[in-house]
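*Asks:* Structure in structure tokens, see below.
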Amino acid sequence: MPPLAVPRARAADEVHYRLVLREGEAQLLPQGPVTRIWGYDGQVPGPLLTAPQDATLVVEAENRLGVPTSVHWHGVRLPNAMDGVAGLTQPPILPGETFTYRFALPDAGTFWYHPHYDTGSQLGRGLYGPLIVTEKSPPVVDRDLLWVFGDWRLGDDGQVIDDFHDPFDQAHDGRVGDLVTLNGSAADSVAVRRNELLRLRLVNACAARVLALTFEGHRPWVLARDGQPTTPWELGAAPLLLGPGMRADLLLRCDGTAESLPVVDHYNPAHPAELLRLVYEGSIESIAPDGDLQLLRANPLALPDPARAERLEIVLAGGMMHGMGSSEAMHQGAALWTINGQAMAHEPGTIQAVEPLFRLSLGRSYHLVVRNDSDRWHPLHLHGMHMLLLAENGETVTGERWADSLLLAPRGSAEALLLADNPGRWMLHCHVLQHQESGMASVVDVA
Ligand code: C2O
Ligand code: CU
């Protein structure tokens, strides 16, 4: 578990933190050299920020890096000016400057924070951290565990390779690394006790890797997705898909029939990789013995109106350049990825001038129909609002499933309802950060 930052002066319903963005070191490789990273408070993941639902979170972010940055609160429904998108909702935080974020937390759940300025490089060097908004009456579990997954590309010297804007990565699956870390160190084993009931909060903070997880010998239940309670379902043999940026809250009973059981990532279906092992050490009497499945209380999300929803089509395309030599594309810095044929340039300071992809009317419902015309995965993330998932790849989604990101499989599709109830200019982009920076990004205006 990442160290808990000590909240500063606490007014009645305000929770204050101060984060210093600076260089630091992390023991990512258990045996290898320490890795120089960029981190919130110099650590990776950044400090766990927690606050109760309905509290106001106040975070002073001091930039002691040599480059501009910003802090985006991924999945939090907040006022546009606090969304932390440099060049759109605020000017970048320049080296030496401090920016204070202040916003209420309407939803309890698992969220996270990261820069929204040259995000691929900054997140890839370690700038990301978890935010947990606690429920007034949380489910009764023996332990509440937070698993933040990161992905690294390290050289033989154990240092981060500076190849963040590689055109090959941009044109393919993004900058997928070769070391997946759990809470900032090479994932290997997690000790569990027989009988205990765990709440697992999973955060995919990888720049590009889609996690496809199975829990061998266990039958976890999915309680929440992207910070929002969902109609629970039991994970079967099919992996839990978690694209970059996405979260899931699980309930897992430690009733395995072996001394240790793996959690496997099927990102590459031909080569499933063991991410870590749940290792049984001792046993306990659970404070939550088997009984009814515990549900999370729904957050106060207003429902979109399907009968009046206006249809919006979104087509994701791009990838390997056709008809243009790739060296030519490199030299021109050509955009490789598009949303509805539009590629957004990412030079800081230019986002404000971007023509919105859609102008949505405040209070109106929309039916998003998304199609992936490419051979890559795209977690399509919308800021400021959650979408109600209707279908994936033509299959109806049963029950209530909110999402701040729609995960599009290669050549896949998704449908969702959106109630445009948060005014402002919001980013809609692929969270494979190398796709985002090479065009797959847009702005949606709600007014
Ligand atoms: Cu996780 Cu545009 O953000
Ligand atoms: Cu993408």
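Letters A, B, ... mark the chains of the structure tokens in the order given; residue numbers begin at 1 per chain; ligand numbers begin at 1, in order shown.
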List as JSON, numbers by chain the protein and nucleic acid residues lying within 12 Å of ligand 2, with only C-alpha atoms and all ligand atoms counted.

*Replies:* {"A": [169, 170, 171, 172, 173, 174, 175, 207, 208, 209, 210, 243, 244, 245, 315, 316, 317, 318, 319, 336, 337, 338, 339, 372, 373, 374, 375, 376, 377, 378, 379, 380, 381, 405, 406, 407, 408, 409, 410, 428, 429, 430, 431, 432, 433, 434, 435, 436, 437, 438, 439, 440, 441]}

*Asks:* How would you write, as a list in words, the set of residues in range 28-148 of chain A that DSSP gives as alpha helix (DSSP H)?

*Replies:*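 The alpha helix (DSSP H) residues within range 28-148 of chain A come out as Thr119, Gly120, Ser121, Gln122, Leu123 and Gly124 of chain A.
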
*Asks:* Could you write out the selected residues, including N, CA, C and O atoms, as a PDB file, in the first residue's frame?

*Replies:*
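Once everything was written out, this is again_0.pdb:
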ATOM      1  N   THR A 119       1.652  14.074 -21.140  1.00  0.00           N
ATOM      2  CA  THR A 119       1.278  13.033 -20.182  1.00  0.00           C
ATOM      3  C   THR A 119       2.074  11.742 -20.351  1.00  0.00           C
ATOM      4  O   THR A 119       2.470  11.127 -19.362  1.00  0.00           O
ATOM      5  N   GLY A 120       2.309  11.356 -21.614  1.00  0.00           N
ATOM      6  CA  GLY A 120       3.032  10.106 -21.843  1.00  0.00           C
ATOM      7  C   GLY A 120       4.377  10.093 -21.144  1.00  0.00           C
ATOM      8  O   GLY A 120       4.742   9.114 -20.497  1.00  0.00           O
ATOM      9  N   SER A 121       5.136  11.181 -21.250  1.00  0.00           N
ATOM     10  CA  SER A 121       6.449  11.221 -20.614  1.00  0.00           C
ATOM     11  C   SER A 121       6.330  11.348 -19.106  1.00  0.00           C
ATOM     12  O   SER A 121       7.044  10.677 -18.361  1.00  0.00           O
ATOM     13  N   GLN A 122       5.435  12.239 -18.656  1.00  0.00           N
ATOM     14  CA  GLN A 122       5.413  12.527 -17.217  1.00  0.00           C
ATOM     15  C   GLN A 122       4.863  11.338 -16.432  1.00  0.00           C
ATOM     16  O   GLN A 122       5.413  10.957 -15.397  1.00  0.00           O
ATOM     17  N   LEU A 123       3.780  10.734 -16.938  1.00  0.00           N
ATOM     18  CA  LEU A 123       3.251   9.552 -16.280  1.00  0.00           C
ATOM     19  C   LEU A 123       4.236   8.390 -16.409  1.00  0.00           C
ATOM     20  O   LEU A 123       4.453   7.629 -15.473  1.00  0.00           O
ATOM     21  N   GLY A 124       4.875   8.306 -17.570  1.00  0.00           N
ATOM     22  CA  GLY A 124       5.823   7.230 -17.815  1.00  0.00           C
ATOM     23  C   GLY A 124       7.043   7.291 -16.911  1.00  0.00           C
ATOM     24  O   GLY A 124       7.727   6.298 -16.715  1.00  0.00           O
TER      25      GLY A 124
END

*Asks:* Just asking: which residues within range 123-152 of chain A are strand (DSSP E) according to DSSP, as a list in words?

*Replies:*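 Written out, the strand (DSSP E) residues of range 123-152 of chain A are Gly129, Pro130, Leu131, Ile132, Val133, Thr134, Arg143, Asp144, Leu145, Leu146, Trp147, Val148, Phe149, Gly150, Asp151 and Trp152 of chain A.
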
*Asks:* So, with only C-alpha atoms and all ligand atoms as the atoms that count, which of A:Asp83, A:Glu25, A:Glu415, A:Glu62 lies closest to ligand 1?

*Replies:* A:Asp83

*Asks:* Just the residues within 10 Å of Arg277 in chain A, please, counting only C-alpha atoms, with nothing from its chain fewer than 2 positions along; format it as a tab-separated table (two decimals) with N, CA, C and O atoms, in the first residue's frame.

*Replies:*
chain	number	residue	atom	x	y	z
A	187	ALA	N	5.97	-6.58	-9.17
A	187	ALA	CA	4.92	-7.37	-8.53
A	187	ALA	C	5.39	-8.80	-8.36
A	187	ALA	O	5.88	-9.40	-9.31
A	188	ASP	N	5.32	-9.36	-7.16
A	188	ASP	CA	5.55	-10.79	-7.07
A	188	ASP	C	4.52	-11.47	-6.18
A	188	ASP	O	3.65	-12.15	-6.69
A	189	SER	N	4.57	-11.24	-4.87
A	189	SER	CA	3.57	-11.95	-4.08
A	189	SER	C	2.87	-11.01	-3.10
A	189	SER	O	3.43	-10.01	-2.66
A	190	VAL	N	1.63	-11.35	-2.82
A	190	VAL	CA	0.83	-10.62	-1.86
A	190	VAL	C	0.34	-11.65	-0.85
A	190	VAL	O	-0.27	-12.65	-1.22
A	191	ALA	N	0.66	-11.43	0.41
A	191	ALA	CA	0.26	-12.38	1.45
A	191	ALA	C	-1.21	-12.22	1.79
A	191	ALA	O	-1.70	-11.10	1.96
A	192	VAL	N	-1.92	-13.34	1.83
A	192	VAL	CA	-3.33	-13.31	2.24
A	192	VAL	C	-3.54	-14.38	3.31
A	192	VAL	O	-2.68	-15.25	3.50
A	215	PHE	N	-8.05	-14.38	-11.86
A	215	PHE	CA	-7.63	-14.71	-10.49
A	215	PHE	C	-7.78	-16.22	-10.34
A	215	PHE	O	-8.85	-16.71	-9.97
A	216	GLU	N	-6.71	-16.94	-10.66
A	216	GLU	CA	-6.79	-18.40	-10.69
A	216	GLU	C	-7.19	-18.94	-9.32
A	216	GLU	O	-6.63	-18.54	-8.30
A	259	GLU	N	-1.59	-23.41	-1.77
A	259	GLU	CA	-0.83	-22.53	-0.88
A	259	GLU	C	-0.60	-21.17	-1.51
A	259	GLU	O	-0.43	-20.16	-0.84
A	260	SER	N	-0.56	-21.16	-2.84
A	260	SER	CA	-0.44	-19.87	-3.52
A	260	SER	C	-1.10	-19.98	-4.88
A	260	SER	O	-1.07	-21.03	-5.51
A	261	LEU	N	-1.73	-18.89	-5.29
A	261	LEU	CA	-2.48	-18.89	-6.55
A	261	LEU	C	-2.17	-17.62	-7.32
A	261	LEU	O	-2.10	-16.53	-6.74
A	262	PRO	N	-1.98	-17.74	-8.62
A	262	PRO	CA	-1.54	-16.57	-9.39
A	262	PRO	C	-2.68	-15.66	-9.85
A	262	PRO	O	-3.82	-16.09	-10.02
A	263	VAL	N	-2.32	-14.40	-10.04
A	263	VAL	CA	-3.14	-13.45	-10.79
A	263	VAL	C	-2.43	-13.29	-12.13
A	263	VAL	O	-1.24	-12.98	-12.17
A	264	VAL	N	-3.16	-13.58	-13.21
A	264	VAL	CA	-2.54	-13.68	-14.51
A	264	VAL	C	-3.03	-12.55	-15.43
A	264	VAL	O	-4.21	-12.21	-15.41
A	274	GLU	N	2.16	-14.27	-15.51
A	274	GLU	CA	1.78	-14.21	-14.11
A	274	GLU	C	2.19	-12.84	-13.57
A	274	GLU	O	3.34	-12.45	-13.63
A	275	LEU	N	1.20	-12.10	-13.06
A	275	LEU	CA	1.50	-10.76	-12.56
A	275	LEU	C	2.00	-10.82	-11.14
A	275	LEU	O	2.91	-10.11	-10.74
A	279	VAL	N	-0.39	-15.44	-1.84
A	279	VAL	CA	0.28	-16.48	-1.07
A	279	VAL	C	-0.40	-16.60	0.30
A	279	VAL	O	-0.48	-15.61	1.04
A	280	TYR	N	-0.90	-17.79	0.58
A	280	TYR	CA	-1.60	-18.00	1.85
A	280	TYR	C	-0.61	-18.09	3.01
A	280	TYR	O	0.32	-18.88	2.99

*Asks:* Quick one: of A:Gly282, A:Gly177, A:Pro130, A:Pro304, who's nearest to Leu389 in chain A, counting only C-alpha atoms?

*Replies:* A:Pro304

*Asks:* As number ranges by chain, please: the residues near Gly109 in chain A (cut-off 7 Å, only C-alpha atoms, same-chain neighbours under 6 positions excluded).

*Replies:* A: 132-134, 227-228

*Asks:* Those residues with C-alpha atoms, as a PDB file, in the first residue's frame please?

*Replies:*
ATOM      1  CA  ILE A 132      -9.951   7.102  -2.639  1.00  0.00           C
ATOM      2  CA  VAL A 133     -13.229   8.728  -1.708  1.00  0.00           C
ATOM      3  CA  THR A 134     -14.592   6.740   1.184  1.00  0.00           C
ATOM      4  CA  GLY A 227     -15.223   4.594  -9.357  1.00  0.00           C
ATOM      5  CA  GLN A 228     -18.942   3.889  -9.738  1.00  0.00           C
TER       6      GLN A 228
END

*Asks:* So how many Å separate CA of Pro79 in chain A and CA of Val397 in chain A, to one decimal?

*Replies:*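 Going from CA of Pro79 in chain A over to CA of Val397 in chain A, I get 29.5 Å.
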
*Asks:* Mind pulling up the distance from CA of Gly150 in chain A to CA of Leu182 in chain A?

*Replies:*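 These two atoms are separated by 6.6 Å.
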
*Asks:* Between A:Asp156, A:Glu97, A:Leu105, A:Arg411, which has the minimum distance to Val34 in chain A (counting only C-alpha atoms)?

*Replies:*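 For Val34 in chain A, the nearest of the given residues is A:Asp156.
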
*Asks:* I'd like the neighbourhood of Pro92 in chain A as a list in words, where a residue qualifies if any of its atoms comes within 7 Å (using only C-alpha atoms), though same-chain residues fewer than 6 positions away should be ignored.

*Replies:*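 Non-adjacent residues within range: Pro68, Thr69, Ser70 and Ala86 of chain A.
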
*Asks:* Go ahead and write the selection's residues with all heavy atoms as a PDB file, in the first residue's frame.

*Replies:*
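This is the output file result05.pdb:
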ATOM      1  N   PRO A  68       6.880  22.309 -17.272  1.00  0.00           N
ATOM      2  CA  PRO A  68       5.494  22.597 -16.873  1.00  0.00           C
ATOM      3  C   PRO A  68       4.701  21.309 -16.661  1.00  0.00           C
ATOM      4  O   PRO A  68       5.066  20.258 -17.208  1.00  0.00           O
ATOM      5  CB  PRO A  68       4.933  23.366 -18.069  1.00  0.00           C
ATOM      6  CG  PRO A  68       6.110  23.785 -18.883  1.00  0.00           C
ATOM      7  CD  PRO A  68       7.178  22.767 -18.626  1.00  0.00           C
ATOM      8  N   THR A  69       3.635  21.402 -15.900  1.00  0.00           N
ATOM      9  CA  THR A  69       2.795  20.229 -15.662  1.00  0.00           C
ATOM     10  C   THR A  69       1.386  20.682 -15.276  1.00  0.00           C
ATOM     11  O   THR A  69       1.054  21.872 -15.359  1.00  0.00           O
ATOM     12  CB  THR A  69       3.417  19.333 -14.561  1.00  0.00           C
ATOM     13  OG1 THR A  69       2.725  18.093 -14.496  1.00  0.00           O
ATOM     14  CG2 THR A  69       3.382  20.002 -13.196  1.00  0.00           C
ATOM     15  N   SER A  70       0.554  19.735 -14.848  1.00  0.00           N
ATOM     16  CA  SER A  70      -0.780  20.016 -14.296  1.00  0.00           C
ATOM     17  C   SER A  70      -1.213  18.740 -13.601  1.00  0.00           C
ATOM     18  O   SER A  70      -0.579  17.699 -13.776  1.00  0.00           O
ATOM     19  CB  SER A  70      -1.779  20.374 -15.409  1.00  0.00           C
ATOM     20  OG  SER A  70      -2.027  19.235 -16.217  1.00  0.00           O
ATOM     21  N   ALA A  86      -3.892  21.110 -18.837  1.00  0.00           N
ATOM     22  CA  ALA A  86      -3.077  22.270 -19.187  1.00  0.00           C
ATOM     23  C   ALA A  86      -3.415  22.722 -20.592  1.00  0.00           C
ATOM     24  O   ALA A  86      -3.469  21.920 -21.518  1.00  0.00           O
ATOM     25  CB  ALA A  86      -1.600  21.919 -19.073  1.00  0.00           C
TER      26      ALA A  86
END

*Asks:* Work out how far CA of Gly256 in chain A is from CA of Asp151 in chain A, in Å to one decimal.

*Replies:*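 Going from CA of Asp151 in chain A over to CA of Gly256 in chain A, I get 28.1 Å.
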
*Asks:* Restricting the calculation to only C-alpha atoms, which member of A:His266, A:His114, A:Arg201, A:Arg194 is positioned closest to Asp144 in chain A?

*Replies:*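 Of all the options, A:Arg201 lies closest to Asp144 in chain A.
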
*Asks:* Between A:Leu251, A:Ala414, A:Ile284, A:Leu301, single out the one closest to Arg77 in chain A, counting only C-alpha atoms.

*Replies:*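 With only C-alpha atoms as the atom set, the closest residue is A:Leu301.
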
*Asks:* Counting only C-alpha atoms and all ligand atoms, figure out which residue out of A:Gly84, A:Pro138, A:Gly158, A:Gly363 gets nearest to ligand 1.

*Replies:* A:Gly84

*Asks:* Near Thr89 in chain A, counting only C-alpha atoms, which residues have an atom at most 9 Å away, once you skip same-chain residues fewer than 2 positions from it, shown as a VMD selection string?

*Replies:* chain A and resid 80 to 87 91 352 424 to 426
